[in-house]
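**Student:** The following block contains the structure, expressed as structure tokens.
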Amino acid sequence: MSELTVAFAADAASSVAGLKESIDTVWIVTAAALVFFMQSGFALLESGMSRAKNAVNVLMKNYLDVCIGSLVFWVIGYGLLFGDNLSGFFGTTHFFLNNHNDMDYSLLLFQTMFAATAVTIVSGAMAERTRFHAYLVGAVVISGFIYPIFGSWVWGSLYEGKGWLAELGFIDFAGSTVVHSVGGWVALAGIIVLGPRLGKISPTGEIRHIQGHNLTLVALGGLILWLGWFGFNGGSTVAADTSIGLIILNTHLAASSGAVGALLASLIARKPILITNTVNGSLGGLVGITAGCATMDPLYAMLTGLIAGIVVIVSSKILEQMKLDDVVGAVAVHGFAGAWGTLAAGIFLKGDMFNPVIIVTQFVGIAVAFVWAFSTAYIMYKLIDKTIGLRASTIDEQQGLDYSEHYEIGYPEFQSEQIHKGK
Amino acid sequence: MSELTVAFAADAASSVAGLKESIDTVWIVTAAALVFFMQSGFALLESGMSRAKNAVNVLMKNYLDVCIGSLVFWVIGYGLLFGDNLSGFFGTTHFFLNNHNDMDYSLLLFQTMFAATAVTIVSGAMAERTRFHAYLVGAVVISGFIYPIFGSWVWGSLYEGKGWLAELGFIDFAGSTVVHSVGGWVALAGIIVLGPRLGKISPTGEIRHIQGHNLTLVALGGLILWLGWFGFNGGSTVAADTSIGLIILNTHLAASSGAVGALLASLIARKPILITNTVNGSLGGLVGITAGCATMDPLYAMLTGLIAGIVVIVSSKILEQMKLDDVVGAVAVHGFAGAWGTLAAGIFLKGDMFNPVIIVTQFVGIAVAFVWAFSTAYIMYKLIDKTIGLRASTIDEQQGLDYSEHYEIGYPEFQSEQIHKGK
Amino acid sequence: MSELTVAFAADAASSVAGLKESIDTVWIVTAAALVFFMQSGFALLESGMSRAKNAVNVLMKNYLDVCIGSLVFWVIGYGLLFGDNLSGFFGTTHFFLNNHNDMDYSLLLFQTMFAATAVTIVSGAMAERTRFHAYLVGAVVISGFIYPIFGSWVWGSLYEGKGWLAELGFIDFAGSTVVHSVGGWVALAGIIVLGPRLGKISPTGEIRHIQGHNLTLVALGGLILWLGWFGFNGGSTVAADTSIGLIILNTHLAASSGAVGALLASLIARKPILITNTVNGSLGGLVGITAGCATMDPLYAMLTGLIAGIVVIVSSKILEQMKLDDVVGAVAVHGFAGAWGTLAAGIFLKGDMFNPVIIVTQFVGIAVAFVWAFSTAYIMYKLIDKTIGLRASTIDEQQGLDYSEHYEIGYPEFQSEQIHKGK
């Protein structure tokens with residue numbers, strides 16, 4: 001080869017490498033934007049399923065989740081999760097990313113949106129009765145400790161070292177367990193510490209249904225979450241790989257069949273087909289496919305989603321029977337459907353289906369997530385409750401947290417006089 | 001050339017080809033996400049234009065459209081539309097895509113979102129009086145038969161063979177006819193079979209205006225549809241071509257001038273400038289430019305949209321005068337503006353404007369679409385009506401379909417007592 | 001080198017160049033779509049902060065802003081801003097772009113979305129009392145004259161020549177000043193000419209707080225604006241550069257810390273933590289980081305946002321004390337936070353921090369923007385007021401502009417009888 005040819009070859013190779021970085025960046029930031037948009041979905045879904053007197057409070061929790069969660073994750077969470085992880089139990093570098101390279105910034109951006117999602121799952125379950133400041137303290141601990149530590153066991157490190165669950169072969173591509181079940185189990189701890197809303201359980205022990213104030217917002221929130229999930233799962237390649245076609249197709253089919261699963265469960269139980277259940281069914285499908293979306297054929301993605309939709313309806317019912325008051329069904333959708341989906345990722349693993357070793361490993365990961373997230377969250381919420389107080393006062397809860405915490409009313413021209421005056 | 005050089009050359013070529021696939025995939029899935037978001041737009045627009053007592057029902061139809069439509073399209077629709085098409089009349093391969101290659105999955109994903117759009121156009125026109133289960137049966141037939149069969153005549157096949165309308169030279173880049181007019185004519189058949197809502201026509205034959213319950217949702221829905229259309233038209237390249245700049249610019253200009261067209265029509269008719277008409281005008285512009293967005297200069301895109309906006313206002317008025325009750329104006333927006341836009345794609349074809357042969361071919365395609373979609377849909381809705389019943393009972397319609405079909409109320413804290421009790 | 005090798009080399013180079021254009025196009029149109037979506041954010045935020053009787057009017061202004069602004073910018077604005085600019089004071093080519101090349105169309109698309117943003121900033125400040133037709137005349141002048149002329153001083157030309165402020169070294173990457181402060185100062189002129197809403201100032205001179213009708217829409221609007229800003233700032237590279245990771249990360253951190261800044265300001269002032277302030281704080285962070293997002297480390301982005309959030313709260317308060325009635329706080333968010341952010345872009349410039357020459361240059365640009373935008377807008381609104389009349393009549397304002405201007409009611413089933421009848 002002539003020298004000129006060599007020079008040209010090197011040039012072309014570097015151009016191609018540069019283009020690869022560009023296109024990866026475009027995809028990562030696009031996916032990050034989609035995941036960020038999920039915050040709107042959560043805000044609408046949770047607000048819509050709450051009563052009007054708590055609408056502002058729910059929205060504020062979601063809004064500040066992102067703000068505070070993102071800052072905390074930048075300062076400490078990203079390093080714990082993705083930094084050099086020689087022990088296998090937590091990262092020790094890449095805190096407070098500053099003066100760094102472009103690709104690390106893109107990864108931090110994408111992962112920040114994930115962390116914000118994990119945090120926000122909790123707010124809906126605990127809605128309508130949690131004190132604002134107490135809630136925010138919880139959000140800091142989740143984004144800076146509970147979520148990143150567990151995440152580092154499965155996804156760490158992006159740089160050096162590997163998490164201990166990853167070493168075992170635990171599969172969780174985009175976080176059915178790492179994000180969703182962890183969020184769900186934290187929420188479970190939260191609602192146990194909090195207790196049910198006033199009026200949810202009658203003095204004679206009957207369980208009452210408390211209707212959300214705006215089901216249009218619930219449907220819109222569900223569709224936005226669905227949309228955002230294309231970035232959540234598709235972006236977890238953190239590269240512009242052609243496999244994102246399959247990943248997002250699987251995501252979409254599982255969401256579709258999740259809604260159908262919820263619908264079938266209602267039909268079989270001879271119950272009305274509720275929009276709240278339909279939306280939660282599709283979200284269950286989305287949570288369920290998150291672990292295995294990159295390693296399943298579409299047929300199994302559809303099955304995973306279908307069963308996830310049923311899991312959501314059944315586990316919601318069981319939790320309600322246990323007198324656990326989860327305003328939006330977050331424990332069922334994120335906790336239980338996440339556990340099922342993580343299992344399904346093992347069962348339906350392309351090229352190695354029904355392998356008992358893999359399935360057992362998945363069980364181990366699911367169980368570890370439950371123990372870690374539930375117990376740390378339980379201790380945290382108990383501590384918060386003993387110190388600054390987790391639950392709003394009875395009078396504030398009756399009046400609605402919008403007025404008592406924010407001095408703002410969501411719909412001042414529409415809400416009734418009584419609500420304004422808190423009587 | 002030395003062997004080394006040849007090896008390097010092959011390497012670089014394969015890298016470049018790989019990058020091309022990556023970037024195409026990124027664009028296709030991004031566009032698919034945008035098209036999916038249109039479902040939110042439809043849901044809000046249709047719900048907002050309906051009365052509060054039917055809000056949940058409208059949303060549920062939109063939500064399950066996507067779920068059921070997507071599954072049906074995966075199983076049968078995609079194969080009929082895009083599979084090997086040796087006859088020119090329908091595809092015969094690629095059903096139930098599973099264990100396939102990445103690019104096919106991306107294409108299926110994108111096309112699934114299109115199919116879901118075609119299905120959902122119908123729900124708004126037929127709102128407030130169609131039984132839920134009957135509606136879903138219709139959705140299955142549209143996504144699994146009416147839409148894909150016609151589509152295969154124009155867009156089939158992605159693999160082998162070519163549709164008969166495509167052979168004639170019929171131009172419909174992103175589906176002014178294939179998606180929108182087909183949806184519009186199905187909706188027309190639906191509202192004819194259904195008849196108008198109770199109270200729409202007074203006993204003395206006067207036509208009453210029934211106001212939608214939330215015009216904020218209408219405006220938001222319109223803007224979301226507009227946004228989604230950037231993916232609808234821009235993604236129809238199914239490749240990351242630089243021409244998407246022109247395509248989306250044309251789309252945006254046509255939407256803008258469509259609203260202006262509706263506004264001018266109102267000014268000329270000395271009628272108030274309604275937000276519902278303005279939104280429908282811009283949607284008419286979007287529908288209109290869909291056929292020709294890739295083959296027109298911006299000036300003509302603007303003109304196409306402007307006229308489409310006027311077409312929407314005028315045809316809405318005519319349909320209303322004919323006592324056809326289209327709750328959201330879908331027949332005008334998708335049917336008539338789609339027909340106009342398909343014609344415009346022929347008239348303003350860059351490099352061959354005002355060619356009578358092309359214009360006649362466009363007419364043929366428009367007419368075939370009408371005959372196919374209207375007649376199959378008419379038969380289908382008649383059959384549904386005779387068997388399971390298409391129209392809700394009078395008492396259910398009065399009470400609102402939210403309560404009668406779903407046992408859920410959209411806004412339980414705001415709706416009046418009468419609505420709750422259905423009296 | 002053999003001839004074959006040379007041919008291959010040329011081929012590979014052209015493929016690589018082609019791919020680069022493709023990926024740039026994908027990013028530019030994706031970013032343009034995100035910026036377009038900001039229109040939904042503005043519409044919801046402004047409508048939610050207004051009273052229900054003006055909801056449709058606010059939405060219509062936003063909707064037609066985009067339509068008319070986009071057409072005007074295509075015809076004249078783009079040429080003035082980005083056309084050949086030999087004088088340094090305005091562009092003289094590229095009007096009415098038609099029959100052009102793909103990349104120019106992509107740039108025009110992206111820049112059209114920017115222009116629409118500049119226009120729409122104004123509508124919220126002047127809400128609830130501005131006549132519809134008068135408002136639209138203003139929109140034409142902003143998109144066709146005020147914004148593009150100033151823009152050409154900083155960003156012109158994309159083709160030949162350079163704006164005079166750019167020659168001085170003025171830094172404004174994505175438009176803290178060019179878009180946001182200009183919009184904010186136009187809004188300031190508008191509200192001075194208009195005067196406060198009826199009832200805002202009591203006969204004894206007390207300032208009353210007038211509550212917005214739907215705070216859920218405010219929160220959703222805020223989140224959508226935040227999302228759209230990823231395209232606004234990230235797309236301002238107008239290329240698929242890897243630096244968009246840093247740019248969007250900075251954008252996100254500044255938004256997060258902006259909300260925290262507003263929260264801290266409220267805590268320090270011992271005021272309740274309002275959702276309206278929180279949302280405006282994050283928007284202030286976004287406006288603030290817009291100038292320097294590409295040239296700051298994340299730490300300084302966070303600081304810029306934090307201070308911007310405080311600037312918003314303090315300047316809102318001052319404006320209110322001056323009896324200037326800005327319905328949504330646009331002057332504070334876009335004007336003042338924009339000015340601060342432009343200054344911050346100089347102060348925290350990576351590699352050359354605290355350089356007094358740079359800081360002085362930034363001051364010059366900020367001052368020039370104020371003088372240009374405020375004075376041209378003041379003259380314009382005065383002229384409009386003297387000719388066609390800027391302010392709605394007292395009776396129309398009391399009744400609400402929805403009814404008086406559009407003969408449509410936003411929420412006919414929910415609004416009270418009095419509003420319907422305008423009494």
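In the structure tokens, the first chain shown is A, the next is B, and so on; residue numbers restart at 1 for each chain, and ligands run from 1 in the order shown.
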For chain A, work out the contacting residues on chain B at 6 Å, counting only C-alpha atoms, and write them as a PDB file with all heavy atoms, in the first residue's frame.

**Tutor:**
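Final output, saved to part_11.pdb:
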```pdb
ATOM      1  N   SER B  22     -27.950   1.804  10.940  1.00  0.00           N
ATOM      2  CA  SER B  22     -28.167   2.353  12.284  1.00  0.00           C
ATOM      3  C   SER B  22     -28.960   3.648  12.221  1.00  0.00           C
ATOM      4  O   SER B  22     -29.910   3.864  12.969  1.00  0.00           O
ATOM      5  CB  SER B  22     -26.832   2.664  12.965  1.00  0.00           C
ATOM      6  OG  SER B  22     -26.174   1.482  13.308  1.00  0.00           O
ATOM      7  N   THR B  25     -32.473   3.171  11.211  1.00  0.00           N
ATOM      8  CA  THR B  25     -33.245   2.636  12.334  1.00  0.00           C
ATOM      9  C   THR B  25     -33.607   3.742  13.325  1.00  0.00           C
ATOM     10  O   THR B  25     -34.752   3.834  13.779  1.00  0.00           O
ATOM     11  CB  THR B  25     -32.444   1.531  13.046  1.00  0.00           C
ATOM     12  OG1 THR B  25     -32.150   0.498  12.107  1.00  0.00           O
ATOM     13  CG2 THR B  25     -33.227   0.953  14.213  1.00  0.00           C
ATOM     14  N   CYS B  67     -54.272  -0.911  21.052  1.00  0.00           N
ATOM     15  CA  CYS B  67     -53.897  -2.224  21.586  1.00  0.00           C
ATOM     16  C   CYS B  67     -54.331  -3.326  20.632  1.00  0.00           C
ATOM     17  O   CYS B  67     -53.533  -4.149  20.191  1.00  0.00           O
ATOM     18  CB  CYS B  67     -54.553  -2.435  22.950  1.00  0.00           C
ATOM     19  SG  CYS B  67     -54.020  -1.221  24.162  1.00  0.00           S
ATOM     20  N   ASN B  98     -41.964 -12.981  13.443  1.00  0.00           N
ATOM     21  CA  ASN B  98     -41.317 -13.534  14.629  1.00  0.00           C
ATOM     22  C   ASN B  98     -39.998 -14.128  14.177  1.00  0.00           C
ATOM     23  O   ASN B  98     -39.905 -14.654  13.080  1.00  0.00           O
ATOM     24  CB  ASN B  98     -42.222 -14.630  15.226  1.00  0.00           C
ATOM     25  CG  ASN B  98     -41.977 -14.818  16.709  1.00  0.00           C
ATOM     26  OD1 ASN B  98     -41.875 -13.833  17.444  1.00  0.00           O
ATOM     27  ND2 ASN B  98     -41.878 -16.046  17.150  1.00  0.00           N
ATOM     28  N   ASN B  99     -38.977 -14.034  15.018  1.00  0.00           N
ATOM     29  CA  ASN B  99     -37.685 -14.634  14.684  1.00  0.00           C
ATOM     30  C   ASN B  99     -37.201 -14.118  13.332  1.00  0.00           C
ATOM     31  O   ASN B  99     -36.841 -14.891  12.443  1.00  0.00           O
ATOM     32  CB  ASN B  99     -37.835 -16.163  14.680  1.00  0.00           C
ATOM     33  CG  ASN B  99     -36.479 -16.857  14.669  1.00  0.00           C
ATOM     34  OD1 ASN B  99     -35.450 -16.210  14.835  1.00  0.00           O
ATOM     35  ND2 ASN B  99     -36.488 -18.150  14.471  1.00  0.00           N
ATOM     36  N   ASP B 102     -33.710  -7.444  12.041  1.00  0.00           N
ATOM     37  CA  ASP B 102     -33.938  -6.157  12.690  1.00  0.00           C
ATOM     38  C   ASP B 102     -34.703  -5.166  11.831  1.00  0.00           C
ATOM     39  O   ASP B 102     -35.605  -4.481  12.306  1.00  0.00           O
ATOM     40  CB  ASP B 102     -32.584  -5.522  13.057  1.00  0.00           C
ATOM     41  CG  ASP B 102     -31.977  -6.156  14.295  1.00  0.00           C
ATOM     42  OD1 ASP B 102     -32.684  -6.912  14.984  1.00  0.00           O
ATOM     43  OD2 ASP B 102     -30.795  -5.893  14.575  1.00  0.00           O
ATOM     44  N   TYR B 105     -38.358  -5.686  11.630  1.00  0.00           N
ATOM     45  CA  TYR B 105     -39.033  -5.313  12.882  1.00  0.00           C
ATOM     46  C   TYR B 105     -39.259  -3.798  12.935  1.00  0.00           C
ATOM     47  O   TYR B 105     -40.302  -3.324  13.374  1.00  0.00           O
ATOM     48  CB  TYR B 105     -38.209  -5.757  14.088  1.00  0.00           C
ATOM     49  CG  TYR B 105     -38.269  -7.245  14.375  1.00  0.00           C
ATOM     50  CD1 TYR B 105     -37.130  -7.937  14.766  1.00  0.00           C
ATOM     51  CD2 TYR B 105     -39.466  -7.951  14.277  1.00  0.00           C
ATOM     52  CE1 TYR B 105     -37.179  -9.303  15.048  1.00  0.00           C
ATOM     53  CE2 TYR B 105     -39.522  -9.318  14.551  1.00  0.00           C
ATOM     54  CZ  TYR B 105     -38.381  -9.986  14.939  1.00  0.00           C
ATOM     55  OH  TYR B 105     -38.432 -11.322  15.218  1.00  0.00           O
ATOM     56  N   SER B 106     -38.260  -3.039  12.503  1.00  0.00           N
ATOM     57  CA  SER B 106     -38.417  -1.579  12.514  1.00  0.00           C
ATOM     58  C   SER B 106     -39.539  -1.147  11.578  1.00  0.00           C
ATOM     59  O   SER B 106     -40.345  -0.281  11.916  1.00  0.00           O
ATOM     60  CB  SER B 106     -37.105  -0.891  12.102  1.00  0.00           C
ATOM     61  OG  SER B 106     -36.105  -1.129  13.057  1.00  0.00           O
ATOM     62  N   LEU B 109     -42.851  -2.031  13.077  1.00  0.00           N
ATOM     63  CA  LEU B 109     -43.165  -1.067  14.141  1.00  0.00           C
ATOM     64  C   LEU B 109     -43.778   0.204  13.550  1.00  0.00           C
ATOM     65  O   LEU B 109     -44.845   0.667  13.972  1.00  0.00           O
ATOM     66  CB  LEU B 109     -41.889  -0.714  14.912  1.00  0.00           C
ATOM     67  CG  LEU B 109     -42.047   0.371  15.969  1.00  0.00           C
ATOM     68  CD1 LEU B 109     -42.777  -0.173  17.185  1.00  0.00           C
ATOM     69  CD2 LEU B 109     -40.688   0.931  16.393  1.00  0.00           C
ATOM     70  N   HIS B 406     -68.869   1.575  31.166  1.00  0.00           N
ATOM     71  CA  HIS B 406     -67.633   1.376  31.944  1.00  0.00           C
ATOM     72  C   HIS B 406     -67.822   1.558  33.446  1.00  0.00           C
ATOM     73  O   HIS B 406     -66.891   1.320  34.206  1.00  0.00           O
ATOM     74  CB  HIS B 406     -66.551   2.341  31.453  1.00  0.00           C
ATOM     75  CG  HIS B 406     -66.366   2.289  29.983  1.00  0.00           C
ATOM     76  ND1 HIS B 406     -65.733   1.261  29.356  1.00  0.00           N
ATOM     77  CD2 HIS B 406     -66.792   3.114  28.985  1.00  0.00           C
ATOM     78  CE1 HIS B 406     -65.752   1.457  28.048  1.00  0.00           C
ATOM     79  NE2 HIS B 406     -66.395   2.562  27.798  1.00  0.00           N
ATOM     80  N   GLY B 410     -65.947  10.323  34.201  1.00  0.00           N
ATOM     81  CA  GLY B 410     -64.699  11.012  33.885  1.00  0.00           C
ATOM     82  C   GLY B 410     -64.248  11.992  34.948  1.00  0.00           C
ATOM     83  O   GLY B 410     -63.073  12.057  35.297  1.00  0.00           O
ATOM     84  N   TYR B 411     -65.218  12.770  35.472  1.00  0.00           N
ATOM     85  CA  TYR B 411     -64.888  13.855  36.398  1.00  0.00           C
ATOM     86  C   TYR B 411     -65.861  13.814  37.571  1.00  0.00           C
ATOM     87  O   TYR B 411     -66.734  14.679  37.680  1.00  0.00           O
ATOM     88  CB  TYR B 411     -64.983  15.209  35.682  1.00  0.00           C
ATOM     89  CG  TYR B 411     -64.372  15.193  34.305  1.00  0.00           C
ATOM     90  CD1 TYR B 411     -65.144  14.988  33.170  1.00  0.00           C
ATOM     91  CD2 TYR B 411     -62.994  15.362  34.147  1.00  0.00           C
ATOM     92  CE1 TYR B 411     -64.575  14.950  31.909  1.00  0.00           C
ATOM     93  CE2 TYR B 411     -62.414  15.323  32.888  1.00  0.00           C
ATOM     94  CZ  TYR B 411     -63.205  15.121  31.770  1.00  0.00           C
ATOM     95  OH  TYR B 411     -62.637  15.081  30.528  1.00  0.00           O
ATOM     96  N   PRO B 412     -65.712  12.825  38.436  1.00  0.00           N
ATOM     97  CA  PRO B 412     -66.764  12.593  39.441  1.00  0.00           C
ATOM     98  C   PRO B 412     -66.981  13.769  40.385  1.00  0.00           C
ATOM     99  O   PRO B 412     -68.075  13.912  40.923  1.00  0.00           O
ATOM    100  CB  PRO B 412     -66.252  11.362  40.195  1.00  0.00           C
ATOM    101  CG  PRO B 412     -64.800  11.264  39.883  1.00  0.00           C
ATOM    102  CD  PRO B 412     -64.626  11.844  38.526  1.00  0.00           C
TER     103      PRO B 412
END
```

**Student:** Looking only at the backbone, which of the residues in segment 71-205 of chain A does DSSP tag as alpha helix (DSSP H), as an MDAnalysis selection string?

**Tutor:** chainID A and resid 71:72 78:82 102:125 132:141 147:154 164:168 182:194

**Student:** With only C-alpha atoms as the counted atoms, please give the residues lying no more than 7 Å from segment 325-336 of chain A, apart from itself and same-chain residues fewer than 6 positions off, as a PyMOL selection string.

**Tutor:** chain A and resi 46+49-50+121+124-127+180-185+187-188+191+196-197+280+283-284+287+311-312+315-316

**Student:** Taking the DSSP secondary structure from the backbone, can you list the residues of segment 67-305 of chain A that are strand (DSSP E or B), as a list in words?

**Tutor:**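 Going through segment 67-305 of chain A, the strand (DSSP E or B) residues come out as Asn85, Thr130, Gly161, Ile201 and Ile207 of chain A.
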
**Student:** Keeping N, CA and C atoms for every residue in the selection just given, could you write it to a file as an mmCIF file, in the first residue's frame?

**Tutor:**
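For reference, part39.cif as written:
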```cif
data_model
loop_
_atom_site.group_PDB
_atom_site.id
_atom_site.type_symbol
_atom_site.label_atom_id
_atom_site.label_comp_id
_atom_site.auth_asym_id
_atom_site.auth_seq_id
_atom_site.Cartn_x
_atom_site.Cartn_y
_atom_site.Cartn_z
ATOM 1 N N ASN A 85 -16.340 -0.159 39.895
ATOM 2 C CA ASN A 85 -17.026 -0.968 40.899
ATOM 3 C C ASN A 85 -16.221 -2.238 41.139
ATOM 4 N N THR A 130 -49.308 12.122 52.238
ATOM 5 C CA THR A 130 -47.911 12.227 52.650
ATOM 6 C C THR A 130 -47.493 13.690 52.714
ATOM 7 N N GLY A 161 -14.944 -2.987 36.475
ATOM 8 C CA GLY A 161 -15.603 -3.805 37.486
ATOM 9 C C GLY A 161 -17.014 -4.152 37.065
ATOM 10 N N ILE A 201 -60.939 2.823 54.444
ATOM 11 C CA ILE A 201 -61.488 1.674 55.167
ATOM 12 C C ILE A 201 -62.565 2.202 56.116
ATOM 13 N N ILE A 207 -63.839 -1.955 52.509
ATOM 14 C CA ILE A 207 -62.906 -1.191 51.677
ATOM 15 C C ILE A 207 -63.702 -0.377 50.670
#
```

**Student:** Could you tell me which of B:Asp385, B:Asp172, B:Glu160, B:Glu320 comes closest to Ile358 of chain B if we count only C-alpha atoms?

**Tutor:**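 That would be B:Asp172, the residue with the smallest distance to Ile358 of chain B.
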
**Student:** Quick one: pull the distance between atom CA of Thr237 of chain B and atom CA of Phe173 of chain B, Å, one decimal.

**Tutor:**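 According to the coordinates, atom CA of Thr237 of chain B and atom CA of Phe173 of chain B are separated by 8.6 Å.
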
**Student:** For the atom pair atom CA of Gly309 of chain C and atom CA of Ala262 of chain C, what is the interatomic distance in Å to one decimal place?

**Tutor:**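 Answer for the atom CA of Gly309 of chain C to atom CA of Ala262 of chain C separation: 4.7 Å.
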
**Student:** So that I can see what lies close to Phe110 of chain A, please list as a ChimeraX atom specification the residues with an atom at most 8 Å from it, counting only C-alpha atoms and leaving out residues fewer than 4 positions away in the same chain.

**Tutor:** /A:28-29,31-32,35,106,114

**Student:** Which residues are close to Ile146 of chain C, i.e. within 9 Å by only C-alpha atoms, leaving aside same-chain residues fewer than 5 positions away? Reply as a list of chain:residue names.

**Tutor:**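 Once the adjacent positions are removed, what remains is C:Val141, C:Gly151, C:Val182, C:Val186, C:Trp372, C:Ala373, C:Thr376, C:Ala377.
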
**Student:** I want to know what sits within 9 Å of segment 351-355 of chain B, based on only C-alpha atoms, with residues of the same chain fewer than 5 positions away left out; could you give that as a compact mmCIF listing (two decimals) with all heavy atoms, in the first residue's frame?

**Tutor:**
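Contents of result.txt, as written:
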```txt
# COMPACT_ATOMS: atom_id res chain seq x y z
N THR B 295 -42.93 15.50 -2.87
CA THR B 295 -42.78 15.78 -4.30
C THR B 295 -43.34 17.14 -4.69
O THR B 295 -43.78 17.33 -5.83
CB THR B 295 -43.51 14.68 -5.12
OG1 THR B 295 -44.85 14.55 -4.62
CG2 THR B 295 -42.80 13.35 -5.03
N MET B 296 -43.36 18.05 -3.74
CA MET B 296 -43.86 19.41 -4.01
C MET B 296 -42.87 20.42 -3.48
O MET B 296 -42.22 20.19 -2.46
CB MET B 296 -45.14 19.66 -3.21
CG MET B 296 -46.40 19.36 -3.91
SD MET B 296 -47.75 19.93 -2.83
CE MET B 296 -48.98 18.73 -3.29
N GLY B 346 -50.95 15.17 -7.41
CA GLY B 346 -50.81 15.04 -8.85
C GLY B 346 -50.66 16.38 -9.54
O GLY B 346 -49.76 16.58 -10.35
N VAL B 360 -55.57 12.36 -13.80
CA VAL B 360 -56.60 11.34 -13.97
C VAL B 360 -56.28 10.11 -13.12
O VAL B 360 -57.16 9.54 -12.47
CB VAL B 360 -56.76 10.97 -15.47
CG1 VAL B 360 -57.61 9.71 -15.63
CG2 VAL B 360 -57.36 12.14 -16.24
```

**Student:** Could you list, as number ranges by chain, every residue within 7 Å of segment 290-292 of chain C, counting only C-alpha atoms and ignoring same-chain residues fewer than 5 positions away?

**Tutor:** C: 171-176, 233, 341-342, 345
